[in-house]
Protein chains: 4
Amino acid sequence: MGDLNIGLIGSGRIGQVHAGSIADTKGANLVWICDPFVEGAEKLAAEFGGKVTADPEDVFASGDVDVIVVASPTPTHLDMIDRAIDAGIHVLCEKPIDLDIEKVEKLRDKANAANVHIAIGFNRRFDPQFESIQRRVAAGEAGKLEQLVILSRDPGPAPRAYIAVSGGIFRDMTIHDFDMARYFVPDIVDVYAAGTNVFSDDIKAENDFDSVSVMMRGRNGEIIVIVNSRHSAYGYDQRLEAFGDKAMFHAHNVSPTTVQKYDAAGTGQAEPFIDAFLVRYAVSYRRELALFLDGIRDGKNYNPTFDDGRAALILADAATESARTGVSVSVDGKL
Amino acid sequence: MGDLNIGLIGSGRIGQVHAGSIADTKGANLVWICDPFVEGAEKLAAEFGGKVTADPEDVFASGDVDVIVVASPTPTHLDMIDRAIDAGIHVLCEKPIDLDIEKVEKLRDKANAANVHIAIGFNRRFDPQFESIQRRVAAGEAGKLEQLVILSRDPGPAPRAYIAVSGGIFRDMTIHDFDMARYFVPDIVDVYAAGTNVFSDDIKAENDFDSVSVMMRGRNGEIIVIVNSRHSAYGYDQRLEAFGDKAMFHAHNVSPTTVQKYDAAGTGQAEPFIDAFLVRYAVSYRRELALFLDGIRDGKNYNPTFDDGRAALILADAATESARTGVSVSVDGKL
Amino acid sequence: MGDLNIGLIGSGRIGQVHAGSIADTKGANLVWICDPFVEGAEKLAAEFGGKVTADPEDVFASGDVDVIVVASPTPTHLDMIDRAIDAGIHVLCEKPIDLDIEKVEKLRDKANAANVHIAIGFNRRFDPQFESIQRRVAAGEAGKLEQLVILSRDPGPAPRAYIAVSGGIFRDMTIHDFDMARYFVPDIVDVYAAGTNVFSDDIKAENDFDSVSVMMRGRNGEIIVIVNSRHSAYGYDQRLEAFGDKAMFHAHNVSPTTVQKYDAAGTGQAEPFIDAFLVRYAVSYRRELALFLDGIRDGKNYNPTFDDGRAALILADAATESARTGVSVSVDGKL
Amino acid sequence: MGDLNIGLIGSGRIGQVHAGSIADTKGANLVWICDPFVEGAEKLAAEFGGKVTADPEDVFASGDVDVIVVASPTPTHLDMIDRAIDAGIHVLCEKPIDLDIEKVEKLRDKANAANVHIAIGFNRRFDPQFESIQRRVAAGEAGKLEQLVILSRDPGPAPRAYIAVSGGIFRDMTIHDFDMARYFVPDIVDVYAAGTNVFSDDIKAENDFDSVSVMMRGRNGEIIVIVNSRHSAYGYDQRLEAFGDKAMFHAHNVSPTTVQKYDAAGTGQAEPFIDAFLVRYAVSYRRELALFLDGIRDGKNYNPTFDDGRAALILADAATESARTGVSVSVDGKL
């Protein structure tokens, strides 16, 4: 199969990342950029090429699109997937799949029966650190996986307006960690979560947490711990530790260089971590797209599926409930 | 004040550590070693000196003892403390204070009103790593403390006979981490815990867990996470991370040397961690004793108190209950 | 200024790197690929575009080339530079500038008076690690620079045929380290070198060394140490340490991920270092080219000059002589 | 064999270290402390016991001494060794053995024929880091040793008065590194050294260097590099790297704790290194003594010998000459 023509839905921050990924990926042509905020689409097209429209119908009806990449606001995701299925267009859709599990369930059968490839953009599975550990664990190098610890702290909180429509920290931020948990332990049986408000009046005013932790158990006794904060003085903090009976693997943060400073104040000080998530995860976004296109060509699937997107949302919902009630929530058999 | 004469109660593994600490501590004389297993006491006395007896009454009645160090089995602890108070003898007692909170409560008022110094042997507060972090956090170097992550994995499980009378992993092993949590966040308000059985049939047969995690919240919104395992392929794993709004401090494990190996298999491989807890924490045991004796001389307290021992047990009880019910347990106002 | 059209001279291993850099660089068009081994040029053109020729004259005479990148064999370098000057074409030429300092001296005045930009491809100056340290040292963060230690070990030796025409390890391999030394300490006054043969019969048969060390002094008392080996069991080893009176900076090797393994064999084992120099230095090759093009557009110079290439060769010659005689060689005033 | 009675010659800084080592060593009794500055000896005796004298003859003639530890000024060392041999007393003597190789040569045959154990105090061989690497290299874990890099920087310079009588940096400071080099590569064939003056007017005024580097070659082609500075902004810097054809081992500095700080200024900053050499090398001083006493009991030798002390001085002399002439000095067959 030759080149794949791609329509990009959404020209915001994540849309720009995907435009860059498409430009860097051999065999991928950016043919459409769609955004109701047409100026955004035009600006992106000026840099990366592609036709511009405010109406996604132009993309679906164009006849020259093989794949859409959905980076528009969350409430549009399910509709885009639905229409892509109808148009026979493969779709890579950003997370979360939606904030409402009921809506997700309604599309589920159709999505799973679709003749097109559908992937959800949990790009962190393609981060070289996490992917390396997952593969080594899957290859048995750690023995039996017993504990998984995910530390994930954002450099700083999103604006209040974003928080207000985000669906809460579990559905917005932790959802990446829920998918990461399932990357290692797909079959999770219960979820406990607790949240507090320690630094942001804005987040508190939105009845959301700025500091949370989640504890889950897997089918085979795996214990999974997630620790999140909406800020971090030392930059983007993204670590993971997989503990098995034969070995433990630990993924540290990524620094811009390997340089360390030694002076009277202290020793071995490295430069601050790569801070912007678009830079920190630039490689994983590119690999996510490349593997999605490979999958289309190979007739295989290398990416998180619609059901993976659904499962992460179920875990986020369970965490949201648990954090309210103080009771662990069973998801046994629901994922 | 001059030298302090010490009676050691118990000549088992921990008793031997304390005998070594006493020998290494200036101004400390080991004058009695008491153990119903007299051969153990005699063997220790042959190495470190001191009179030997099977009956603690000989120690209390001797008139030549200023301090007892209690390293006998847990069920004897409260009685030893009680009798030391009556005898006007200072007492440094190993953890846990008891397995039954009711018994602890009964002695509480008397202990707090006693004219002698009473300390509970949570020696890890004196580990150079953890103490350094606690002091820097207390000095404000981390800003406001928001999250505390304690990773604590034993090299291997205790024998089944020990597990059977241990009171369960939360009261036996995690209790150190409960005290460590309170070293940083004294005022804890709720506790959630989950446990699983992943590797030990013996532990399972005793209705105990071999892998657990605990999540707690502090009065000021602090989130505290503890991860425990009864085994670890790479040796004794004792790490701690204190996350504040200005800085994060991380304590790594201690290696016997700083040597790293680089070869075709990989790079930067250090020697296995210090494995035996008596070696890993040798320094903290010595500092624990030295500070206890300093406190007696200074009329001050530098050690965890009877109430600290009680608080750790309350947290362990709450965790035990939570792990059974799946519901978080409030300890608000109970510590 | 708009796009710059580039002619690539040489389609071998380094030529391929440059072709990739050109393709990745905005405002750079690969218009010619020249190699007497036309199949190599054609293969590269098939991937990256550009016209193909066996004769560099086609490139010089084409009228559509702004820049040539010279990645042909060393004996052709000076001639390519000379002809580029005559043709009014900017030239980025691979190291070494030549193996014969007399030839270099003959072109020197013309090169320095030329109206075109001439840069020598000491790409390691643009490695993020080394560049970061150099900038921090230049900014005074280390105080006065007193000692510089460069550890540079290749994964494995080049083939004997390559060694035979390489000019010897100092001119072929250490020359990068000589330029790195001058990146930090431009004014070097003397050179001592010693070499041995410890593993390669091929290299010994060519009267070359497989293990060498160089010690130099700078005008202001700086001590510079270089340690080289033609092989390394643990992969490409490229470290640097800059010691000043206020701070020391250390650049470690680059690993493919931040993952560390902990098991019974040892702790903290990272994956093998990035091994292939084309991957290890991919970023520096790209920045080298981008900065060269920026310099052309800005009318400034950001790259090592013809005289830097000459200086590195003079140091290499001095080291070659010193290793033969056991006497340090003065280069005072000769760089 | 039972306890060994020890006479300590010298109560200065190093004498105090040895007094502490003797006190900590089972089977070692400190019976005499000798110093013409009697107050120093008395102060030390008050802490560690032992009879006091200003005259070493009292020690030699006492009849109750099995071992002397010589920590008096360098010019007394050979005489103390000589008299100990005559008195049939074992002797552990601080480095350097003397500043004058002629005097050393005169005692050599007698020392080597003596019926007593004679050891020179190159304690760094017993540092856990360096010893671990040496043993692993000796066991073949690195394959064939090809390169050895020793980085050794003092926290700050000694007083000018000390520098004036020190014999120069190579005989005073680098001599430890010369012995360390011979710990790994006993048979060294040539020596080159260079020195500069970069920060200390006092040291310059004494015609000594404050920054030096040494390059040596071993019989089997080993390249040995030593880098020294008389000061270091980040504390005592003591590293070593042993490079073989199968593996490389690297010994980092020792930090007081494993704690790392992460904040806006940077990441992974450890506490300053252990600074005072008496603390940094406390363990090696204790092991040095313990092994010396073990050797006496076992009839074996575990410590650097008189000839090791002589060899280190020969290397220091060669370096001193080379740094003056710029020519490498052969020591082939002289060690």
# chains A, B, ... in the order shown; residues from 1 in each chain; ligands from 1
>>> select_by_dssp(residues="range 258-310 of chain D", states="alpha helix (DSSP H)", output="PDB file with N, CA and C atoms, in the first residue's frame")
ATOM      1  N   PHE D 277      39.231  14.063  54.654  1.00  0.00           N
ATOM      2  CA  PHE D 277      39.768  12.773  54.194  1.00  0.00           C
ATOM      3  C   PHE D 277      39.754  11.758  55.322  1.00  0.00           C
ATOM      4  N   LEU D 278      39.804  12.249  56.555  1.00  0.00           N
ATOM      5  CA  LEU D 278      39.785  11.293  57.667  1.00  0.00           C
ATOM      6  C   LEU D 278      38.437  10.588  57.758  1.00  0.00           C
ATOM      7  N   VAL D 279      37.392  11.269  57.340  1.00  0.00           N
ATOM      8  CA  VAL D 279      36.071  10.638  57.326  1.00  0.00           C
ATOM      9  C   VAL D 279      35.915   9.807  56.053  1.00  0.00           C
ATOM     10  N   ARG D 280      36.289  10.419  54.926  1.00  0.00           N
ATOM     11  CA  ARG D 280      36.170   9.718  53.641  1.00  0.00           C
ATOM     12  C   ARG D 280      36.886   8.375  53.682  1.00  0.00           C
ATOM     13  N   ALA D 282      37.959   6.781  56.546  1.00  0.00           N
ATOM     14  CA  ALA D 282      37.943   6.166  57.885  1.00  0.00           C
ATOM     15  C   ALA D 282      37.896   4.647  57.795  1.00  0.00           C
ATOM     16  N   VAL D 283      37.069   4.150  56.915  1.00  0.00           N
ATOM     17  CA  VAL D 283      36.947   2.696  56.783  1.00  0.00           C
ATOM     18  C   VAL D 283      38.256   2.079  56.307  1.00  0.00           C
ATOM     19  N   SER D 284      38.904   2.727  55.361  1.00  0.00           N
ATOM     20  CA  SER D 284      40.132   2.130  54.816  1.00  0.00           C
ATOM     21  C   SER D 284      41.258   2.148  55.847  1.00  0.00           C
ATOM     22  N   TYR D 285      41.311   3.196  56.676  1.00  0.00           N
ATOM     23  CA  TYR D 285      42.315   3.192  57.755  1.00  0.00           C
ATOM     24  C   TYR D 285      42.083   2.027  58.718  1.00  0.00           C
ATOM     25  N   ARG D 286      40.819   1.777  59.041  1.00  0.00           N
ATOM     26  CA  ARG D 286      40.522   0.676  59.962  1.00  0.00           C
ATOM     27  C   ARG D 286      40.858  -0.682  59.344  1.00  0.00           C
ATOM     28  N   ARG D 287      40.483  -0.845  58.102  1.00  0.00           N
ATOM     29  CA  ARG D 287      40.779  -2.127  57.444  1.00  0.00           C
ATOM     30  C   ARG D 287      42.276  -2.331  57.268  1.00  0.00           C
ATOM     31  N   GLU D 288      42.975  -1.251  56.952  1.00  0.00           N
ATOM     32  CA  GLU D 288      44.439  -1.325  56.817  1.00  0.00           C
ATOM     33  C   GLU D 288      45.065  -1.911  58.087  1.00  0.00           C
ATOM     34  N   LEU D 289      44.644  -1.370  59.227  1.00  0.00           N
ATOM     35  CA  LEU D 289      45.208  -1.855  60.487  1.00  0.00           C
ATOM     36  C   LEU D 289      44.782  -3.286  60.771  1.00  0.00           C
ATOM     37  N   ALA D 290      43.503  -3.540  60.584  1.00  0.00           N
ATOM     38  CA  ALA D 290      42.997  -4.880  60.897  1.00  0.00           C
ATOM     39  C   ALA D 290      43.702  -5.938  60.049  1.00  0.00           C
ATOM     40  N   LEU D 291      43.905  -5.626  58.777  1.00  0.00           N
ATOM     41  CA  LEU D 291      44.564  -6.598  57.901  1.00  0.00           C
ATOM     42  C   LEU D 291      46.034  -6.736  58.245  1.00  0.00           C
ATOM     43  N   PHE D 292      46.639  -5.662  58.695  1.00  0.00           N
ATOM     44  CA  PHE D 292      48.047  -5.758  59.095  1.00  0.00           C
ATOM     45  C   PHE D 292      48.189  -6.705  60.291  1.00  0.00           C
ATOM     46  N   LEU D 293      47.278  -6.553  61.237  1.00  0.00           N
ATOM     47  CA  LEU D 293      47.320  -7.434  62.425  1.00  0.00           C
ATOM     48  C   LEU D 293      46.968  -8.871  62.020  1.00  0.00           C
ATOM     49  N   ASP D 294      45.990  -9.012  61.134  1.00  0.00           N
ATOM     50  CA  ASP D 294      45.678 -10.363  60.642  1.00  0.00           C
ATOM     51  C   ASP D 294      46.901 -11.003  59.997  1.00  0.00           C
ATOM     52  N   GLY D 295      47.617 -10.221  59.225  1.00  0.00           N
ATOM     53  CA  GLY D 295      48.805 -10.734  58.538  1.00  0.00           C
ATOM     54  C   GLY D 295      49.863 -11.220  59.524  1.00  0.00           C
ATOM     55  N   ILE D 296      50.026 -10.460  60.593  1.00  0.00           N
ATOM     56  CA  ILE D 296      50.986 -10.881  61.627  1.00  0.00           C
ATOM     57  C   ILE D 296      50.556 -12.220  62.216  1.00  0.00           C
ATOM     58  N   ARG D 297      49.263 -12.327  62.473  1.00  0.00           N
ATOM     59  CA  ARG D 297      48.758 -13.578  63.072  1.00  0.00           C
ATOM     60  C   ARG D 297      48.837 -14.745  62.084  1.00  0.00           C
ATOM     61  N   ASP D 298      48.569 -14.449  60.807  1.00  0.00           N
ATOM     62  CA  ASP D 298      48.519 -15.507  59.794  1.00  0.00           C
ATOM     63  C   ASP D 298      49.891 -15.820  59.216  1.00  0.00           C
ATOM     64  N   PHE D 306      57.322  -2.491  52.073  1.00  0.00           N
ATOM     65  CA  PHE D 306      58.421  -1.518  51.969  1.00  0.00           C
ATOM     66  C   PHE D 306      58.716  -1.239  50.494  1.00  0.00           C
ATOM     67  N   ASP D 307      58.773  -2.290  49.695  1.00  0.00           N
ATOM     68  CA  ASP D 307      59.080  -2.107  48.272  1.00  0.00           C
ATOM     69  C   ASP D 307      57.963  -1.373  47.531  1.00  0.00           C
ATOM     70  N   ASP D 308      56.744  -1.536  47.993  1.00  0.00           N
ATOM     71  CA  ASP D 308      55.659  -0.736  47.400  1.00  0.00           C
ATOM     72  C   ASP D 308      55.858   0.745  47.725  1.00  0.00           C
ATOM     73  N   GLY D 309      56.282   1.010  48.942  1.00  0.00           N
ATOM     74  CA  GLY D 309      56.567   2.393  49.322  1.00  0.00           C
ATOM     75  C   GLY D 309      57.705   2.972  48.495  1.00  0.00           C
ATOM     76  N   ARG D 310      58.732   2.148  48.290  1.00  0.00           N
ATOM     77  CA  ARG D 310      59.868   2.553  47.448  1.00  0.00           C
ATOM     78  C   ARG D 310      59.408   2.809  46.012  1.00  0.00           C
TER      79      ARG D 310
END
>>> residues_around(residues="range 194-205 of chain A", least_positions_apart="5", cutoff="8 Å", atoms="only C-alpha atoms", output="list in words")
Arg160, Ile163, Asp210, Ser211, Val212, Ser213, Val214, Ala319, Ser322, Ala323, Arg324 and Gly326 of chain A; Glu146, Asn220, Gly221, Glu222 and Ile223 of chain B
>>> residues_around(residues="Val259 in chain A", least_positions_apart="6", cutoff="9 Å", atoms="only C-alpha atoms", output="PyMOL selection string")
(chain A and resi 268-271) or (chain C and resi 129-130+132-133+249-252)
>>> closest_atom_pairs(of="chain D", to="chain B", cutoff="12 Å", atoms="only C-alpha atoms", output="Markdown table")
| residue | atom | partner | partner_atom | distance |
| --- | --- | --- | --- | --- |
| D:Ala23 | CA | B:Asp24 | CA | 10.6 |
| D:Asp24 | CA | B:Asp24 | CA | 8.8 |
| D:Thr25 | CA | B:Asp24 | CA | 11.8 |
| D:Lys26 | CA | B:Glu47 | CA | 10.9 |
| D:Glu47 | CA | B:Lys26 | CA | 10.9 |
| D:Phe48 | CA | B:Lys26 | CA | 11.8 |
| D:Asp127 | CA | B:Thr257 | CA | 9.3 |
| D:Pro128 | CA | B:Thr257 | CA | 6.2 |
| D:Gln129 | CA | B:Thr257 | CA | 5.4 |
| D:Phe130 | CA | B:Val259 | CA | 8.2 |
| D:Glu131 | CA | B:Thr257 | CA | 9.9 |
| D:Ser132 | CA | B:Val259 | CA | 7.6 |
| D:Ile133 | CA | B:Val259 | CA | 7.2 |
| D:Gln134 | CA | B:Val259 | CA | 10.9 |
| D:Arg135 | CA | B:Val259 | CA | 12.0 |
| D:Arg136 | CA | B:Lys261 | CA | 10.1 |
| D:Val137 | CA | B:Lys261 | CA | 11.0 |
| D:Glu141 | CA | B:Lys261 | CA | 9.6 |
| D:Ala142 | CA | B:Asp263 | CA | 8.4 |
| D:Gly143 | CA | B:Asp263 | CA | 10.5 |
| D:Gln238 | CA | B:Thr258 | CA | 11.1 |
| D:Arg239 | CA | B:Thr258 | CA | 9.7 |
| D:Leu240 | CA | B:Val259 | CA | 9.3 |
| D:Glu241 | CA | B:Val259 | CA | 9.3 |
| D:Ala242 | CA | B:Lys261 | CA | 9.7 |
| D:Phe243 | CA | B:Tyr262 | CA | 9.2 |
| D:Gly244 | CA | B:Asp263 | CA | 9.6 |
| D:Asp245 | CA | B:Asp263 | CA | 9.2 |
| D:Lys246 | CA | B:Asp263 | CA | 6.4 |
| D:Ala247 | CA | B:Asp263 | CA | 4.5 |
| D:Met248 | CA | B:Tyr262 | CA | 5.1 |
| D:Phe249 | CA | B:Lys261 | CA | 4.7 |
| D:His250 | CA | B:Gln260 | CA | 5.2 |
| D:Ala251 | CA | B:Val259 | CA | 4.4 |
| D:His252 | CA | B:Thr258 | CA | 5.3 |
| D:Asn253 | CA | B:Thr258 | CA | 6.9 |
| D:Val254 | CA | B:Thr258 | CA | 6.7 |
| D:Ser255 | CA | B:Thr258 | CA | 9.2 |
| D:Pro256 | CA | B:Pro128 | CA | 7.9 |
| D:Thr257 | CA | B:Gln129 | CA | 5.3 |
| D:Thr258 | CA | B:His252 | CA | 5.3 |
| D:Val259 | CA | B:Ala251 | CA | 4.4 |
| D:Gln260 | CA | B:His250 | CA | 5.2 |
| D:Lys261 | CA | B:Phe249 | CA | 4.7 |
| D:Tyr262 | CA | B:Met248 | CA | 5.1 |
| D:Asp263 | CA | B:Ala247 | CA | 4.5 |
| D:Ala264 | CA | B:Ala247 | CA | 7.5 |
| D:Ala265 | CA | B:Ala247 | CA | 9.6 |
| D:Gly266 | CA | B:Ala247 | CA | 9.9 |
| D:Thr267 | CA | B:Met248 | CA | 9.1 |
| D:Gly268 | CA | B:His250 | CA | 8.4 |
| D:Gln269 | CA | B:Phe249 | CA | 9.3 |
| D:Ala270 | CA | B:His250 | CA | 9.6 |
| D:Glu271 | CA | B:Ser132 | CA | 9.8 |
| D:Val283 | CA | B:Thr257 | CA | 11.8 |
>>> write_last_selection(atoms="C-alpha atoms", output="short mmCIF file (atom, residue, chain, number, x, y, z; two decimals), in the first residue's frame")
data_model
loop_
_atom_site.label_atom_id
_atom_site.label_comp_id
_atom_site.auth_asym_id
_atom_site.auth_seq_id
_atom_site.Cartn_x
_atom_site.Cartn_y
_atom_site.Cartn_z
CA ALA D 23 40.38 1.39 69.68
CA ASP D 24 37.87 -0.01 67.19
CA THR D 25 39.89 -3.11 66.38
CA LYS D 26 39.39 -6.27 68.40
CA GLU D 47 40.73 9.39 75.14
CA PHE D 48 42.10 6.04 74.05
CA ASP D 127 38.78 1.74 50.51
CA PRO D 128 35.70 -0.37 49.77
CA GLN D 129 35.25 1.25 46.36
CA PHE D 130 38.76 0.80 45.04
CA GLU D 131 39.26 -2.58 46.65
CA SER D 132 36.04 -3.86 45.15
CA ILE D 133 37.14 -2.84 41.67
CA GLN D 134 40.64 -4.22 42.10
CA ARG D 135 39.27 -7.56 43.21
CA ARG D 136 36.79 -7.76 40.37
CA VAL D 137 39.48 -6.82 37.86
CA GLU D 141 35.56 -9.54 35.43
CA ALA D 142 36.89 -6.67 33.28
CA GLY D 143 38.85 -8.91 30.96
CA GLN D 238 38.24 10.58 44.61
CA ARG D 239 37.25 8.57 41.59
CA LEU D 240 38.75 5.72 39.63
CA GLU D 241 37.92 4.01 36.39
CA ALA D 242 39.31 0.68 35.30
CA PHE D 243 38.74 -0.10 31.64
CA GLY D 244 39.18 -3.62 30.35
CA ASP D 245 38.30 -5.35 27.14
CA LYS D 246 35.23 -6.98 28.74
CA ALA D 247 33.97 -4.31 31.12
CA MET D 248 34.66 -0.94 32.68
CA PHE D 249 34.33 -0.30 36.41
CA HIS D 250 33.84 3.16 37.79
CA ALA D 251 34.09 4.24 41.43
CA HIS D 252 32.16 7.39 42.21
CA ASN D 253 32.61 9.62 45.20
CA VAL D 254 30.92 8.87 48.48
CA SER D 255 28.03 11.06 49.59
CA PRO D 256 26.87 11.25 53.20
CA THR D 257 23.38 10.09 52.20
CA THR D 258 21.57 8.88 49.10
CA VAL D 259 19.19 11.85 49.18
CA GLN D 260 18.59 13.81 45.98
CA LYS D 261 16.82 17.11 45.61
CA TYR D 262 14.65 18.12 42.67
CA ASP D 263 13.56 21.71 42.30
CA ALA D 264 13.35 24.55 39.80
CA ALA D 265 17.13 24.97 39.81
CA GLY D 266 17.83 21.42 38.74
CA THR D 267 17.27 17.76 39.40
CA GLY D 268 18.92 14.93 41.25
CA GLN D 269 21.20 17.10 43.34
CA ALA D 270 22.94 15.05 46.03
CA GLU D 271 24.48 16.39 49.18
CA VAL D 283 36.95 2.70 56.78
#
>>> closest_residue(among="A:Arg182, A:His18, A:Arg217, A:Arg153", to="Gly235 in chain A", atoms="only C-alpha atoms")
A:Arg153
